[in-house]
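Just below is one structure, and these are the notes that go with it.
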Amino acid sequence: MNAKLILKALFYATALFSVSVEGKAIRKCIPKGSKSAIGAQMIVQGYEWGPAVPKIIVEFQDKVSGFDIDTFAVKTDHVEREIIDVYNTDANGKKQKGASKYVGLELTVNASVIPFLGVSMGGEASPFTYDMDTGRNSWSTNYELDLDLNEGKTFKVGKSEYGSDKKVWKTFKYNLAENYVVPETKDWKKDSFTAHNITLQRASFIPKGVEKDGGKNPLVIWLHGAGEGGRDIDITLLGNEVTALAKEGIQKYFISDDLKGAYVLAVQTPTMWMDRGNSTYNNDIFGKRQTSIYDAVLFEAIKDYVATNSDIDTDRIYVGGCSNGGYMTMNLMFEHGDFFTAFYPICEAYMDRNISEDMIDDVKDYNIWFLHSEDDTTVDPLATSISTYYRLMNAGAKNVHYTLTDHVIGTDDPEVQYMGHYSWVYAFNDQVKNQFDNAKVVADFENITIKDGKVTTTDNYVTNANCNKDGNMWSWLASQRKN
């Protein structure tokens, strides 16, 4: 991996917690003289590590022919890409049998690994740029395509032949940041909600046929991490592969003989959920509730979505999120818990030292499933979810569950280990299939020490080695009902 990719990943790692397009005509840059390429478009897709570019469509001045998989060499954002297929397409990238003015280039995408850390913090083909000042991702303003002709290869644009002793091909350069599509988010309905002089972005997914099935349907809510804040909801949907919530792997748990699936609602904050009101994090306090400037507006945005959709089953409203969004899941539980049916906080960042005994008592009867990784160095589970889980179980909780992994290894690139903070990978891959034995957690409480909100003892039951009882988070979530 080149130095630029390492720098990008390290920028992202230093964070404390982790313009939608539905299609554009290819913007043309018409050269003088010989017929050549005149425009390009990138297809963006979400992966475990975030967004990447698996396909590019290049437009030429005339029909293109005489090429094969070895004809072209491609770089995106100055990184060499491996071509796995090439073919003629229509203007929308659909494969064509005969020659056309468009060429589709399918490219490999991989997670990038930081050599001296041995873990992945992102992908090698990301169209996002991480801003160190804001702690958030944004679309890159310059994502350059370099299209070259390999030595000894030829192809034709109309009657003009390039390569060998024919016409010389000049590297075609194009800023793909000016023209991209995100097919995975095209069917999500996007809007905004404003209250208390704050505007949040929203995106909702409606399963096909859900409005005419045999009953009211559940709602699954997602709250993003710090890096996915801003004013472009596609960053939220792609940054943590939230689009997985709309796919069969997770929707299957919410489908029954009568129901076609679950509504999904993702909400985006302009900054981060842990914003105390001045764009700084609220976790540096001790012994007080971690209040957020977005508490009221978020709750109202959710209630508004539910109120305007009569098909939502208000006995089946589930809320979760990762990191900053895990914090906000906990915050909604503490502040507005009775509105929701169940909570699934992932690598949550509500410091246990700020959760009073009264707060524990208030939520001990709620339905909760924690997910975290032991090697999370961004949000220490011993100071957050593990301590809180022990306390909830000791307080008499009956429907609280916890999955603790040792590392984070996904499926998009199974040879790669992600940084421990990426617990959401397991959730979106439907890999949360184990939990602790709660009876043993209760029995172990007298053996542990919690000091200043952190478990300080080491010989505890709540370690990954003991997280081996069967338990499926999504199946559990779909089964939760208020009445």
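Identifiers for the structure tokens are assigned positionally: chains receive A, B, ... in sequence, residues are indexed from 1 per chain, and ligands are indexed from 1 in the order shown.
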
Requested in this report: Just the residues within 7 Å of Tyr350 of chain A, please, counting only C-alpha atoms, with nothing from its chain fewer than 4 positions along; format it as number ranges by chain.
Outcome: A: 327, 330, 384

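By only C-alpha atoms, and with residues fewer than 3 positions from Gly123 of chain A along its chain excluded, the set lying at most 10 Å from it is Leu5, Lys8, Ala9, Tyr47, Glu48, Trp49, Gly50, Pro51, Ala52, Val53, Val109, Asn110, Ala111, Ser112, Val113, Ser120, Ser126, Pro127 and Phe128 of chain A.
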
Atoms to include: C-alpha atoms. Write the selected residues as a tab-separated table (two decimals), in the first residue's frame.
```
chain	number	residue	atom	x	y	z
A	5	LEU	CA	-3.20	5.26	1.64
A	8	LYS	CA	-5.47	8.40	4.91
A	9	ALA	CA	-5.92	5.44	7.23
A	47	TYR	CA	-18.15	-2.45	1.86
A	48	GLU	CA	-17.24	-3.50	5.40
A	49	TRP	CA	-14.52	-0.89	5.60
A	50	GLY	CA	-16.54	1.85	3.88
A	51	PRO	CA	-17.09	2.93	0.27
A	52	ALA	CA	-15.03	1.88	-2.72
A	53	VAL	CA	-15.16	2.13	-6.50
A	109	VAL	CA	-11.53	-3.69	-4.24
A	110	ASN	CA	-9.64	-4.62	-1.10
A	111	ALA	CA	-9.22	-3.46	2.44
A	112	SER	CA	-5.95	-1.66	3.05
A	113	VAL	CA	-3.66	-2.84	5.83
A	120	SER	CA	-7.14	-2.47	8.34
A	126	SER	CA	-12.23	4.98	-1.14
A	127	PRO	CA	-13.78	8.09	-2.69
A	128	PHE	CA	-13.98	9.62	0.80
```

Requested in this report: For each of A:Gln417, A:Ser160, A:Asn88, A:Asn142, take the minimum atom-to-atom distance to Lys35 of chain A, counting only C-alpha atoms, then give the residue where this is smallest.
Outcome: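 Under the stated criterion, the closest residue is A:Ser160.
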
Requested in this report: Have a look at A:Met121, A:Leu149, A:Val297, A:Lys398 and name the one nearest to Asn197 of chain A; count only C-alpha atoms.
Outcome: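 Of all the options, A:Val297 lies closest to Asn197 of chain A.
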
Report task. Counting only C-alpha atoms, figure out which residue out of A:Asn464, A:Thr449, A:Asn429, A:Thr236 gets nearest to Asn137 of chain A. Result ->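 Under the stated criterion, the closest residue is A:Thr236.
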
Requested in this report: Please provide the set of residues having any atom within 12 Å of Val44 of chain A, restricted to only C-alpha atoms, with same-chain residues fewer than 3 positions apart removed, written as an NGL selection string.
Outcome: :A and (20-23 or 41 or 47 or 50-57 or 106-107 or 109 or 125-128 or 139 or 176-177 or 179-186 or 234-235 or 237-239 or 241)

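Each of A:Ile206, A:Ile302, A:Ile198, A:Ala307 was compared to Val264 of chain A using only C-alpha atoms, and A:Ile206 turns out to be the nearest.
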
Report task. Select from segment 259-328 of chain A everything DSSP, run on the backbone, classes as alpha helix (DSSP H), then give the selection as a list of chain:residue names. Result -> A:Asp295, A:Ala296, A:Val297, A:Leu298, A:Phe299, A:Glu300, A:Ala301, A:Ile302, A:Lys303, A:Asp304, A:Tyr305, A:Val306, A:Ala307, A:Asn324, A:Gly325, A:Gly326, A:Tyr327, A:Met328

Query - Point-to-point distance in Å for atom CA of His401 of chain A and atom CA of Val319 of chain A - result: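 Atom-to-atom, atom CA of Val319 of chain A to atom CA of His401 of chain A, that is 15.1 Å.
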
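Proximity of A:Asp275, A:Ala439, A:Ala395, A:Gly122 to Gly46 of chain A, computed with only C-alpha atoms, is greatest for A:Gly122.
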